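Asks: If it helps, the file is called query_22.txt and holds compact mmCIF, C-alpha atoms and all ligand atoms:
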```
# COMPACT_ATOMS: atom_id res chain seq x y z
CA MET A 605 93.24 -4.38 -62.29
CA LYS A 606 91.12 -2.31 -64.65
CA THR A 607 92.37 0.04 -67.34
CA LEU A 608 90.28 2.75 -68.99
CA ILE A 609 91.52 4.02 -72.36
CA LYS A 610 89.69 7.29 -72.62
CA GLY A 611 88.85 9.73 -75.37
CA GLY A 612 90.59 8.08 -78.31
CA ARG A 613 89.30 7.46 -81.83
CA LEU A 614 88.65 3.72 -81.78
CA ILE A 615 89.04 1.95 -85.11
CA ASP A 616 87.86 -1.66 -84.98
CA PRO A 617 87.11 -2.81 -88.55
CA ALA A 618 85.85 -6.27 -87.49
CA ASN A 619 83.00 -4.56 -85.65
CA ASP A 620 82.50 -1.67 -88.06
CA ARG A 621 83.49 0.79 -85.37
CA ASP A 622 85.20 4.07 -86.07
CA GLY A 623 84.62 6.95 -83.70
CA LEU A 624 85.19 8.29 -80.22
CA TYR A 625 84.88 5.50 -77.68
CA ASP A 626 86.07 4.72 -74.18
CA LEU A 627 87.48 1.25 -73.75
CA VAL A 628 87.63 -0.59 -70.42
CA ILE A 629 89.89 -3.59 -69.92
CA ASP A 630 89.52 -5.87 -66.94
CA LYS A 631 92.20 -8.47 -66.36
CA ARG A 632 92.95 -9.87 -69.83
CA LYS A 633 89.77 -8.91 -71.64
CA VAL A 634 87.67 -6.07 -73.01
CA LEU A 635 85.04 -5.29 -70.39
CA ALA A 636 83.22 -2.42 -72.08
CA VAL A 637 83.28 -0.23 -75.19
CA GLU A 638 81.06 2.83 -74.94
CA LYS A 639 80.56 6.30 -76.40
CA PRO A 640 82.08 9.05 -74.22
CA GLY A 641 80.12 9.63 -71.01
CA LYS A 642 78.17 6.38 -71.30
CA LEU A 643 80.27 4.14 -69.05
CA SER A 644 78.70 3.13 -65.77
CA GLU A 645 80.30 3.97 -62.44
CA LYS A 646 80.75 0.25 -61.87
CA ASP A 647 82.70 -0.18 -65.11
CA VAL A 648 85.27 2.49 -64.35
CA ASN A 649 85.56 2.12 -60.61
CA GLY A 650 89.24 1.99 -59.61
CA ALA A 651 90.49 1.88 -63.21
CA GLU A 652 93.88 3.20 -64.20
CA ILE A 653 93.26 5.85 -66.86
CA ILE A 654 95.14 6.18 -70.13
CA ASP A 655 94.40 9.49 -71.86
CA ALA A 656 94.09 8.71 -75.57
CA ARG A 657 92.74 12.07 -76.77
CA GLY A 658 94.05 12.83 -80.26
CA PHE A 659 95.26 9.27 -80.70
CA ILE A 660 93.97 6.21 -82.57
CA VAL A 661 93.04 3.18 -80.50
CA ALA A 662 92.95 -0.07 -82.49
CA PRO A 663 93.30 -3.81 -82.09
CA GLY A 664 97.00 -4.66 -81.78
CA PHE A 665 98.65 -5.20 -85.17
CA ILE A 666 99.20 -8.73 -86.46
CA ASP A 667 102.25 -9.51 -88.59
CA MET A 668 102.00 -12.83 -90.38
CA HIS A 669 105.57 -12.81 -91.69
CA VAL A 670 108.53 -12.37 -89.35
CA HIS A 671 111.87 -14.09 -89.00
CA PHE A 672 112.94 -14.39 -85.38
CA ARG A 673 116.28 -16.12 -85.57
CA GLU A 674 115.97 -18.39 -82.56
CA PRO A 675 116.86 -21.24 -82.50
CA GLY A 676 120.15 -21.05 -84.35
CA PHE A 677 121.00 -17.43 -85.15
CA GLU A 678 120.52 -15.66 -81.83
CA TYR A 679 123.19 -13.07 -82.72
CA LYS A 680 120.73 -11.63 -85.27
CA GLU A 681 117.57 -11.79 -83.15
CA THR A 682 116.08 -13.87 -80.34
CA ILE A 683 112.44 -14.57 -79.67
CA GLU A 684 112.71 -12.05 -76.83
CA THR A 685 114.30 -9.18 -78.85
CA GLY A 686 111.98 -9.93 -81.75
CA CYS A 687 108.97 -9.66 -79.46
CA GLN A 688 110.28 -6.36 -78.06
CA SER A 689 110.70 -5.07 -81.60
CA ALA A 690 107.14 -6.14 -82.38
CA ALA A 691 105.73 -4.40 -79.30
CA ALA A 692 107.61 -1.19 -80.19
CA GLY A 693 106.04 -1.33 -83.65
CA GLY A 694 102.51 -1.73 -82.28
CA PHE A 695 102.32 -5.45 -83.08
CA THR A 696 100.72 -7.73 -80.49
CA SER A 697 100.85 -10.92 -82.59
CA VAL A 698 103.47 -12.23 -84.98
CA ALA A 699 103.81 -15.40 -87.04
CA THR A 700 107.36 -16.72 -87.21
CA MET A 701 108.78 -18.33 -90.33
CA PRO A 702 110.38 -21.77 -89.92
CA ASN A 703 113.85 -21.10 -91.39
CA THR A 704 115.59 -21.39 -88.05
CA ASP A 705 118.31 -23.91 -87.15
CA PRO A 706 117.00 -26.50 -86.54
CA VAL A 707 114.20 -25.81 -89.00
CA ASN A 708 110.68 -25.72 -87.54
CA ASP A 709 109.64 -28.87 -89.36
CA ASN A 710 108.64 -30.90 -86.29
CA ARG A 711 106.74 -30.70 -83.07
CA SER A 712 109.75 -30.18 -80.77
CA VAL A 713 110.84 -26.96 -82.49
CA THR A 714 107.28 -25.61 -82.56
CA GLU A 715 106.94 -26.35 -78.87
CA PHE A 716 110.32 -24.73 -78.12
CA ILE A 717 109.23 -21.50 -79.86
CA LEU A 718 105.87 -21.45 -78.10
CA ARG A 719 107.47 -22.11 -74.72
CA LYS A 720 110.09 -19.37 -75.16
CA ALA A 721 107.46 -16.89 -76.27
CA ARG A 722 105.25 -17.74 -73.32
CA GLU A 723 108.13 -17.38 -70.84
CA LYS A 724 108.95 -13.91 -72.16
CA GLY A 725 105.28 -13.01 -72.23
CA ILE A 726 105.67 -9.96 -74.47
CA VAL A 727 103.58 -10.52 -77.60
CA ASN A 728 101.70 -13.53 -79.01
CA VAL A 729 103.83 -15.73 -81.21
CA PHE A 730 102.21 -18.03 -83.76
CA PRO A 731 104.74 -20.38 -85.34
CA ILE A 732 104.55 -21.35 -89.01
CA GLY A 733 105.65 -24.92 -89.78
CA ALA A 734 107.81 -25.95 -92.72
CA ILE A 735 106.23 -27.51 -95.80
CA SER A 736 109.24 -29.74 -96.43
CA GLN A 737 111.67 -31.45 -94.10
CA GLY A 738 114.69 -29.21 -93.52
CA LEU A 739 113.29 -26.78 -96.15
CA LYS A 740 114.98 -29.04 -98.67
CA GLY A 741 111.95 -29.33 -100.92
CA GLU A 742 112.20 -33.12 -101.07
CA LYS A 743 109.90 -34.68 -98.48
CA LEU A 744 106.86 -33.24 -96.77
CA SER A 745 107.18 -32.35 -93.09
CA GLU A 746 104.93 -33.98 -90.49
CA MET A 747 102.16 -31.53 -91.32
CA GLY A 748 99.52 -33.07 -89.05
CA ASP A 749 101.85 -33.27 -86.10
CA LEU A 750 102.88 -29.65 -86.63
CA LYS A 751 99.26 -28.59 -86.58
CA ASP A 752 98.67 -30.44 -83.33
CA ALA A 753 101.72 -28.69 -81.88
CA GLY A 754 100.22 -25.31 -82.75
CA VAL A 755 101.37 -23.99 -86.14
CA VAL A 756 98.96 -21.65 -87.95
CA ALA A 757 100.21 -22.21 -91.52
CA TYR A 758 102.84 -24.01 -93.58
CA SER A 759 105.69 -22.39 -95.50
CA ASP A 760 109.26 -22.97 -96.66
CA ASP A 761 109.74 -19.18 -96.75
CA GLY A 762 113.23 -18.05 -97.41
CA ARG A 763 113.05 -20.75 -100.05
CA PRO A 764 110.36 -21.57 -102.59
CA VAL A 765 108.94 -25.07 -103.01
CA MET A 766 110.33 -25.80 -106.46
CA ASN A 767 109.01 -29.35 -106.87
CA SER A 768 105.47 -29.12 -108.27
CA GLU A 769 104.46 -32.62 -107.18
CA LEU A 770 105.54 -31.85 -103.61
CA MET A 771 103.59 -28.58 -103.69
CA ARG A 772 100.53 -30.37 -105.01
CA ARG A 773 100.66 -32.79 -102.09
CA ALA A 774 101.28 -29.95 -99.65
CA PHE A 775 98.03 -28.33 -100.84
CA GLU A 776 96.18 -31.64 -100.45
CA TYR A 777 97.39 -32.22 -96.89
CA SER A 778 97.07 -28.63 -95.75
CA LYS A 779 93.50 -28.68 -97.03
CA MET A 780 92.81 -31.70 -94.83
CA PHE A 781 94.26 -29.86 -91.85
CA GLY A 782 92.46 -26.63 -92.69
CA LEU A 783 95.55 -24.42 -92.77
CA PRO A 784 96.91 -22.24 -95.60
CA CYS A 785 100.20 -22.74 -97.44
CA ILE A 786 102.35 -19.62 -97.69
CA GLN A 787 104.61 -19.53 -100.71
CA HIS A 788 107.81 -17.58 -101.24
CA SER A 789 107.24 -17.32 -105.00
CA GLU A 790 110.52 -17.54 -106.85
CA MET A 791 111.74 -19.77 -109.68
CA LEU A 792 115.30 -20.37 -108.56
CA ASP A 793 116.56 -21.22 -112.04
CA LEU A 794 115.69 -17.65 -113.10
CA THR A 795 117.23 -15.92 -110.08
CA GLU A 796 120.39 -17.93 -109.49
CA GLY A 797 123.19 -15.60 -108.44
CA GLY A 798 120.85 -12.61 -108.59
CA CYS A 799 120.94 -9.92 -105.93
CA MET A 800 118.54 -7.20 -107.13
CA ASN A 801 115.75 -6.57 -109.63
CA GLU A 802 116.72 -7.32 -113.22
CA GLY A 803 116.50 -4.14 -115.25
CA LEU A 804 118.16 -0.86 -116.08
CA VAL A 805 119.70 -0.33 -112.67
CA SER A 806 121.16 -3.84 -112.41
CA THR A 807 122.80 -3.32 -115.80
CA GLU A 808 124.17 0.07 -114.72
CA LEU A 809 125.52 -1.33 -111.47
CA GLY A 810 126.86 -4.51 -113.03
CA LEU A 811 124.88 -6.70 -110.63
CA LYS A 812 123.10 -9.91 -111.54
CA GLY A 813 119.35 -9.37 -111.68
CA MET A 814 116.27 -11.31 -110.60
CA PRO A 815 113.45 -10.88 -113.15
CA THR A 816 109.84 -10.43 -112.04
CA GLU A 817 108.96 -13.48 -114.16
CA ALA A 818 110.63 -15.65 -111.51
CA GLU A 819 107.85 -14.56 -109.15
CA ASP A 820 105.03 -14.52 -111.71
CA ILE A 821 105.67 -18.07 -112.94
CA MET A 822 105.61 -19.50 -109.42
CA VAL A 823 102.39 -17.63 -108.55
CA TYR A 824 100.85 -18.94 -111.78
CA ARG A 825 102.00 -22.53 -111.09
CA ASP A 826 100.59 -22.48 -107.57
CA ILE A 827 97.26 -21.15 -108.81
CA ALA A 828 97.18 -23.99 -111.36
CA LEU A 829 97.85 -26.53 -108.59
CA LEU A 830 95.20 -24.93 -106.44
CA LEU A 831 92.68 -25.31 -109.26
CA LYS A 832 93.39 -29.04 -109.17
CA THR A 833 93.61 -29.62 -105.42
CA GLY A 834 91.59 -26.96 -103.68
CA GLY A 835 93.03 -25.66 -100.43
CA ARG A 836 94.37 -22.23 -99.61
CA LEU A 837 97.35 -20.35 -101.03
CA HIS A 838 98.78 -17.25 -99.41
CA VAL A 839 101.39 -15.47 -101.54
CA ALA A 840 104.11 -13.98 -99.35
CA HIS A 841 105.62 -10.54 -100.00
CA ILE A 842 104.17 -9.93 -103.46
CA SER A 843 106.37 -7.54 -105.44
CA SER A 844 105.50 -7.69 -109.13
CA GLY A 845 102.60 -6.06 -110.93
CA ASN A 846 101.92 -9.20 -112.95
CA SER A 847 101.68 -11.32 -109.81
CA VAL A 848 99.10 -8.92 -108.40
CA GLU A 849 97.09 -9.33 -111.60
CA LEU A 850 97.32 -13.15 -111.38
CA VAL A 851 96.00 -13.10 -107.81
CA ARG A 852 93.19 -10.80 -108.94
CA LEU A 853 92.18 -13.25 -111.69
CA ALA A 854 92.38 -16.25 -109.33
CA LYS A 855 90.16 -14.47 -106.81
CA ALA A 856 87.66 -13.67 -109.54
CA LYS A 857 87.58 -17.39 -110.36
CA GLY A 858 86.62 -18.07 -106.74
CA LEU A 859 89.91 -19.67 -105.68
CA GLN A 860 91.06 -19.30 -102.11
CA VAL A 861 94.09 -17.14 -102.78
CA THR A 862 95.28 -14.33 -100.55
CA CYS A 863 98.44 -12.28 -100.56
CA GLU A 864 100.48 -9.82 -98.57
CA VAL A 865 102.80 -6.93 -99.33
CA ALA A 866 105.73 -5.72 -97.25
CA PRO A 867 106.07 -1.96 -96.63
CA HIS A 868 109.41 -1.76 -98.45
CA HIS A 869 107.73 -3.03 -101.60
CA PHE A 870 105.31 -0.10 -101.67
CA ALA A 871 107.76 2.48 -100.29
CA LEU A 872 110.91 1.88 -102.37
CA THR A 873 112.02 1.08 -105.92
CA GLU A 874 115.19 -0.49 -107.29
CA ASN A 875 116.70 3.01 -107.27
CA ALA A 876 117.41 2.46 -103.57
CA VAL A 877 120.10 -0.03 -104.59
CA LYS A 878 122.14 2.69 -106.35
CA GLY A 879 125.15 3.28 -104.14
CA TYR A 880 125.24 -0.45 -103.40
CA ASP A 881 123.46 -0.04 -100.06
CA THR A 882 123.03 -3.61 -98.80
CA ASN A 883 120.10 -2.39 -96.69
CA ALA A 884 118.19 -2.26 -99.97
CA LYS A 885 118.91 -5.91 -100.74
CA MET A 886 115.83 -8.05 -100.27
CA SER A 887 114.16 -11.08 -101.73
CA PRO A 888 112.01 -10.55 -103.66
CA PRO A 889 113.95 -7.47 -104.73
CA LEU A 890 112.72 -3.88 -104.88
CA ARG A 891 111.04 -3.38 -108.25
CA ILE A 892 110.21 -0.47 -110.56
CA ASP A 893 107.59 2.30 -110.57
CA SER A 894 105.02 0.36 -112.61
CA ASP A 895 105.16 -2.52 -110.11
CA LEU A 896 104.65 -0.06 -107.25
CA GLU A 897 101.64 1.42 -109.03
CA ALA A 898 100.16 -2.06 -109.53
CA ILE A 899 100.76 -2.91 -105.87
CA LYS A 900 99.01 0.26 -104.77
CA GLU A 901 96.08 -0.54 -107.03
CA GLY A 902 96.04 -4.06 -105.53
CA LEU A 903 95.87 -2.59 -102.05
CA ARG A 904 93.12 -0.20 -103.11
CA ASP A 905 90.88 -2.89 -104.61
CA ASP A 906 91.67 -5.48 -101.89
CA THR A 907 93.49 -7.89 -104.20
CA ILE A 908 96.29 -7.48 -101.67
CA ASP A 909 94.71 -8.61 -98.43
CA ILE A 910 97.23 -7.72 -95.78
CA ILE A 911 100.40 -5.85 -94.90
CA ALA A 912 103.15 -8.05 -93.43
CA THR A 913 106.69 -6.90 -92.73
CA ASP A 914 108.94 -9.85 -93.67
CA HIS A 915 110.98 -8.67 -90.65
CA ALA A 916 114.43 -10.09 -91.45
CA PRO A 917 117.07 -8.95 -88.97
CA HIS A 918 120.72 -9.39 -89.94
CA ASP A 919 123.89 -8.55 -88.06
CA VAL A 920 126.45 -6.13 -89.57
CA VAL A 921 128.69 -9.06 -90.44
CA ASP A 922 125.98 -10.25 -92.80
CA LYS A 923 125.34 -6.84 -94.32
CA GLN A 924 128.64 -4.91 -94.35
CA VAL A 925 130.06 -6.94 -97.20
CA GLU A 926 129.99 -6.60 -100.98
CA PHE A 927 126.45 -6.28 -102.33
CA ASN A 928 126.29 -9.67 -104.00
CA ARG A 929 127.49 -11.43 -100.83
CA ALA A 930 125.17 -9.69 -98.33
CA CYS A 931 122.14 -11.40 -96.78
CA PHE A 932 118.65 -10.54 -98.04
CA GLY A 933 116.16 -8.65 -95.87
CA ILE A 934 115.57 -5.78 -93.46
CA VAL A 935 114.24 -5.07 -89.97
CA GLY A 936 110.56 -4.40 -90.58
CA LEU A 937 108.50 -4.31 -87.39
CA GLU A 938 109.47 -0.88 -86.14
CA THR A 939 108.88 1.08 -89.36
CA ALA A 940 105.70 -0.60 -90.59
CA LEU A 941 103.21 1.85 -89.08
CA PRO A 942 104.69 5.11 -90.45
CA LEU A 943 105.28 3.52 -93.87
CA SER A 944 101.71 2.16 -93.99
CA LEU A 945 100.36 5.58 -93.01
CA ARG A 946 101.92 6.95 -96.21
CA LEU A 947 99.29 4.89 -98.07
CA VAL A 948 96.63 6.80 -96.12
CA GLU A 949 98.29 10.12 -96.91
CA GLU A 950 98.41 9.16 -100.61
CA LYS A 951 94.68 8.29 -100.38
CA ILE A 952 95.29 4.69 -101.44
CA LEU A 953 93.77 3.36 -98.23
CA SER A 954 91.48 4.91 -95.65
CA LEU A 955 92.78 4.76 -92.09
CA GLY A 956 90.16 2.09 -91.37
CA LYS A 957 91.32 -0.01 -94.33
CA MET A 958 94.93 0.30 -93.25
CA VAL A 959 94.01 -0.91 -89.76
CA GLU A 960 91.98 -3.76 -91.29
CA LYS A 961 94.98 -4.97 -93.31
CA LEU A 962 97.06 -4.98 -90.12
CA THR A 963 94.46 -6.55 -87.79
CA SER A 964 91.15 -8.22 -88.64
CA ARG A 965 92.05 -9.38 -92.14
CA PRO A 966 95.17 -11.37 -91.11
CA ALA A 967 93.21 -12.76 -88.14
CA GLU A 968 90.50 -13.91 -90.54
CA ILE A 969 92.84 -15.51 -93.10
CA PHE A 970 94.86 -17.38 -90.47
CA ASN A 971 91.94 -18.08 -88.15
CA LEU A 972 93.37 -16.32 -85.07
CA ASP A 973 91.13 -15.26 -82.21
CA ARG A 974 92.65 -11.80 -82.33
CA GLY A 975 92.31 -8.56 -84.27
CA ALA A 976 89.05 -7.21 -82.80
CA LEU A 977 87.88 -5.33 -79.70
CA ARG A 978 84.39 -6.45 -78.80
CA VAL A 979 83.32 -7.09 -75.22
CA GLY A 980 84.90 -10.36 -74.06
CA ASP A 981 87.76 -10.29 -76.62
CA ILE A 982 91.34 -10.56 -75.42
CA ALA A 983 92.55 -6.99 -74.92
CA ASP A 984 95.40 -6.70 -77.43
CA VAL A 985 95.49 -2.98 -78.18
CA VAL A 986 97.67 -0.42 -79.92
CA ILE A 987 97.44 3.30 -79.29
CA PHE A 988 99.16 5.47 -81.89
CA ASP A 989 99.50 9.10 -82.84
CA PRO A 990 99.03 9.29 -86.62
CA ASP A 991 100.35 12.86 -86.80
CA ALA A 992 103.52 12.69 -84.69
CA GLU A 993 106.49 13.59 -86.88
CA TYR A 994 109.99 12.30 -86.27
CA ALA A 995 113.05 10.89 -87.99
CA ILE A 996 113.57 7.13 -87.99
CA ASP A 997 116.65 6.31 -85.91
CA ILE A 998 117.89 2.73 -86.20
CA SER A 999 119.98 3.10 -83.04
CA LYS A 1000 116.67 3.19 -81.13
CA PHE A 1001 115.40 -0.08 -82.60
CA LYS A 1002 114.54 -2.76 -80.06
CA SER A 1003 115.48 -5.40 -82.58
CA ARG A 1004 118.92 -6.90 -82.01
CA SER A 1005 119.75 -5.96 -85.61
CA LYS A 1006 119.70 -2.52 -87.20
CA ASN A 1007 119.56 -3.22 -90.94
CA SER A 1008 117.08 -0.76 -92.44
CA PRO A 1009 117.09 1.47 -95.51
CA PHE A 1010 114.77 3.90 -93.72
CA ASP A 1011 117.29 5.30 -91.24
CA GLY A 1012 116.93 9.10 -91.10
CA TRP A 1013 113.62 9.16 -93.02
CA ASN A 1014 111.23 11.83 -91.80
CA VAL A 1015 107.94 10.10 -91.14
CA LYS A 1016 104.57 10.52 -89.45
CA GLY A 1017 102.93 8.06 -87.09
CA LYS A 1018 104.21 6.93 -83.74
CA VAL A 1019 103.22 4.08 -81.45
CA ILE A 1020 102.29 5.47 -78.02
CA LYS A 1021 101.40 2.26 -76.21
CA THR A 1022 101.04 -1.43 -76.93
CA LEU A 1023 98.98 -3.68 -74.66
CA VAL A 1024 98.86 -7.46 -74.83
CA ALA A 1025 96.03 -9.12 -72.91
CA GLY A 1026 95.55 -5.88 -71.02
CA LYS A 1027 99.18 -5.54 -69.98
CA THR A 1028 101.35 -2.68 -71.27
CA VAL A 1029 104.31 -4.19 -73.16
CA PHE A 1030 105.54 -0.98 -74.79
CA SER A 1031 105.17 2.65 -73.84
CA ALA A 1032 106.71 5.53 -75.80
CA SER A 1033 107.04 7.64 -72.66
CA SER A 1034 109.30 5.11 -70.99
CA ASN A 1035 111.54 5.23 -74.02
ZN ZN A 1101 110.20 -14.95 -98.43
```
Kindly present the structure from the file in structure tokens form.

Replies:
Amino acid sequence: MKTLIKGGRLIDPANDRDGLYDLVIDKRKVLAVEKPGKLSEKDVNGAEIIDARGFIVAPGFIDMHVHFREPGFEYKETIETGCQSAAAGGFTSVATMPNTDPVNDNRSVTEFILRKAREKGIVNVFPIGAISQGLKGEKLSEMGDLKDAGVVAYSDDGRPVMNSELMRRAFEYSKMFGLPCIQHSEMLDLTEGGCMNEGLVSTELGLKGMPTEAEDIMVYRDIALLLKTGGRLHVAHISSGNSVELVRLAKAKGLQVTCEVAPHHFALTENAVKGYDTNAKMSPPLRIDSDLEAIKEGLRDDTIDIIATDHAPHDVVDKQVEFNRACFGIVGLETALPLSLRLVEEKILSLGKMVEKLTSRPAEIFNLDRGALRVGDIADVVIFDPDAEYAIDISKFKSRSKNSPFDGWNVKGKVIKTLVAGKTVFSASSN
């Protein structure tokens, strides 16, 4: 069965393409990409036509940082509901963090996740294996075995690796296996008991703060270890201006350091916590204006490589409690596109650059055969309307959880269709 996506503006940064193109998909793959009117009769014969006039057609988005709660916390999210949430957000590939129960620190859990994802067949799921057994930070996981089972990176995310010797060895092994280590950068001794950014607002609200230095020191330590060991460090959800500067310096030194930012860290400041809204409680916490400015500059000059959501669904029982007792994190997949488009509106990124940070760049860092639309590539595609205006409505989320500080926000940018390997997995019209 052929599909012709006709008349859209195709943005495919990996191939330097940005313009009007018709795209033909046959079975699972891209069959042809041609300027309007240039397709042969043979190419389009019998194809189902999707009219993409006025829309952007791009490789499906790739999110390298999601928490799907299965196994262990299926009441928050399952692999199936997480994949539906991803498809609704325009994501065709996601990488799942290992802080499930049991932890993904061994082959059997990795295989369980891959099998579940395959059975549901919605979006591609790339598991991330734990650095340490049980995320305890004491002994390394079976890193080689995890790689054989199919993980694309190692991380203890949700928790930092506090032990420097263990982290040093993690870099050494991961270098041997050719995969990056993703660090949740936080010195726990500086953040113990903290539930928001340390500063004026935390003092006003009487809440215990988490200083940016907790992040900066860990980023600095990991860069120092990287200097010694080689290997690859990917800094998860960067939130502090100083951390961005450290990554910039490490890159200038030629170290293999990359980093990501989550949309809430460029869209919100600690002011969102006023009123004790637990939907504004995340780790790392929302920071202040000067951090946001530094993050935007980091996006502009490519110090910040990619946008990743840190999708962290939580049930109401975990969020409708006092602020200091609530879980950290928000649903991220279904608001990422409109929030990222604000960067385009603010002229921080071009549309092409935004697409790059959501597609080809993550594919490149994590060595995935996705994120591009040349002939023969697997046809993972998103079609979106960058101008459609609407109000975010959490009751429409496909995620099993609804925790989001963006409910009711008026935004621009709507996913029209998401295709994975040529098959439509989300369609706005059927919604
Ligand atoms: Zn984290």

Asks: With distances taken over all atoms listed in the file, which of A:Lys923, A:Arg891, A:His788, A:Lys1016 is nearest to ligand ZN 1101 (chain A)?

Replies: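 The closest residue to ligand ZN 1101 (chain A) is A:His788.
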
Asks: Show which residues sit within 9 Å of Cys687 (chain A), as a VMD selection string. Count all atoms listed in the file, and ignore same-chain residues fewer than 6 positions away.

Replies: chain A and resid 672 695 to 698 721 724 to 729 1002 to 1003

Asks: Counting all atoms listed in the file, which of A:Gly810, A:Gly641, A:Gly741, A:Gly835 gets nearest to Tyr777 (chain A)?

Replies: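 With all atoms listed in the file as the atom set, the closest residue is A:Gly835.
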
Asks: Go through A:Ala854, A:Val823, A:Val670, A:Met958 and flag the residue nearest ligand ZN 1101 (chain A), using only C-alpha atoms and all ligand atoms for the distances.

Replies: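 Using only C-alpha atoms and all ligand atoms, ligand ZN 1101 (chain A) sits closest to A:Val670.
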
Asks: If the limit is 9 Å from any atom of ligand ZN 1101 (chain A), counting all atoms listed in the file, which residues qualify? Return them as a list in words.

Replies: His669, Met701, Asp760, Asp761, Gly762, Arg763, Pro764, Gln787, His788, Ser789, Glu790, Ala840, His841, Ser887, Pro888 and Asp914 of chain A

Asks: Closest to Arg719 (chain A) among A:Asp622, A:Glu684, A:Glu742, A:Asp749, using only C-alpha atoms?

Replies: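 Among the listed residues, the smallest separation from Arg719 (chain A) belongs to A:Glu684.
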
Asks: Take CA of Asn619 (chain A) and CA of Gly975 (chain A) and report the distance between them in Å, one decimal.

Replies: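 Distance reported for this atom pair: 10.2 Å.
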
Asks: Provide the CA of Glu715 (chain A) to CA of Ala1025 (chain A) distance in Å, to one decimal place.

Replies: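 Atom-to-atom, CA of Glu715 (chain A) to CA of Ala1025 (chain A), that is 21.2 Å.
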
Asks: Pick out the closest residue to Val1024 (chain A) from this set: A:Val986, A:Leu972, A:Ala967, A:Ala866. Count all atoms listed in the file.

Replies: A:Val986

Asks: Skip Arg632 (chain A) itself and residues of its chain fewer than 2 positions away, then list as a short mmCIF file (atom, residue, chain, number, x, y, z; two decimals) with C-alpha atoms, in the frame of the given file all residues within 8 Å of it, counting all atoms listed in the file.

Replies:
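Output below, filename out.cif:
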```
data_model
loop_
_atom_site.label_atom_id
_atom_site.label_comp_id
_atom_site.auth_asym_id
_atom_site.auth_seq_id
_atom_site.Cartn_x
_atom_site.Cartn_y
_atom_site.Cartn_z
CA ILE A 629 89.89 -3.59 -69.92
CA ASP A 630 89.52 -5.87 -66.94
CA VAL A 634 87.67 -6.07 -73.01
CA ILE A 982 91.34 -10.56 -75.42
CA ALA A 983 92.55 -6.99 -74.92
CA ALA A 1025 96.03 -9.12 -72.91
CA GLY A 1026 95.55 -5.88 -71.02
CA LYS A 1027 99.18 -5.54 -69.98
#
```

Asks: Would you pick out the contacts of Pro706 (chain A) at 9 Å or less, using only C-alpha atoms, so that residues sharing its chain but fewer than 4 positions from it are not included, and give the list as a ChimeraX atom specification?

Replies: /A:675-676,702,713,738

Asks: Between A:Ile821, A:Ile998, A:Val959, A:Cys799, which one has atoms that come closest to Leu614 (chain A), using all atoms listed in the file?

Replies: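 That would be A:Val959, the residue with the smallest distance to Leu614 (chain A).
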
Asks: Rounded to one decimal, what separation in Å do you get between CA of Ile683 (chain A) and CA of Asn971 (chain A)?

Replies: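 Atom-to-atom, CA of Ile683 (chain A) and CA of Asn971 (chain A) are spaced 22.5 Å apart.
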
Asks: With region 924-935 of chain A as the partner and 12 Å as the cut-off, tabulate the residues of region 626-745 of chain A that qualify, each row holding the nearest pair of atoms and their distance in Å to one decimal, using only C-alpha atoms, sorted by chain and rising number, as CSV.

Replies:
```
residue,atom,partner,partner_atom,distance
A:His669,CA,A:Val935,CA,11.7
A:Val670,CA,A:Val935,CA,9.3
A:His671,CA,A:Val935,CA,9.4
A:Phe672,CA,A:Val935,CA,10.5
A:Lys680,CA,A:Val935,CA,10.4
A:Glu681,CA,A:Val935,CA,10.1
A:Thr685,CA,A:Val935,CA,11.9
A:Gly686,CA,A:Val935,CA,9.8
A:Ser689,CA,A:Val935,CA,9.1
A:Ala690,CA,A:Val935,CA,10.4
A:Gly693,CA,A:Val935,CA,11.0
```

Asks: May I have the residues within 10 Å of Ser944 (chain A) as a tab-separated table (two decimals) with C-alpha atoms, keeping the file's coordinate frame, using all atoms listed in the file and disregarding those fewer than 5 positions away in the same chain?

Replies:
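Output (selection-v2.tsv):
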```tsv
chain	number	residue	atom	x	y	z
A	866	ALA	CA	105.73	-5.72	-97.25
A	867	PRO	CA	106.07	-1.96	-96.63
A	868	HIS	CA	109.41	-1.76	-98.45
A	870	PHE	CA	105.31	-0.10	-101.67
A	871	ALA	CA	107.76	2.48	-100.29
A	911	ILE	CA	100.40	-5.85	-94.90
A	939	THR	CA	108.88	1.08	-89.36
A	949	GLU	CA	98.29	10.12	-96.91
A	953	LEU	CA	93.77	3.36	-98.23
A	955	LEU	CA	92.78	4.76	-92.09
A	958	MET	CA	94.93	0.30	-93.25
A	959	VAL	CA	94.01	-0.91	-89.76
A	961	LYS	CA	94.98	-4.97	-93.31
A	962	LEU	CA	97.06	-4.98	-90.12
A	1016	LYS	CA	104.57	10.52	-89.45
A	1017	GLY	CA	102.93	8.06	-87.09
```

Asks: Name the residues in contact with Lys740 (chain A) at a cut-off of 12 Å, using only C-alpha atoms, excluding same-chain residues fewer than 4 positions from it; report them as a list in words.

Replies: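 The contact residues come out as Asn703, Val707, Asp709, Ala734, Ile735, Ser736, Leu744, Ser745, Ser759, Asp760, Asp761, Gly762, Arg763, Pro764, Val765, Met766, Asn767 and Leu770 of chain A.
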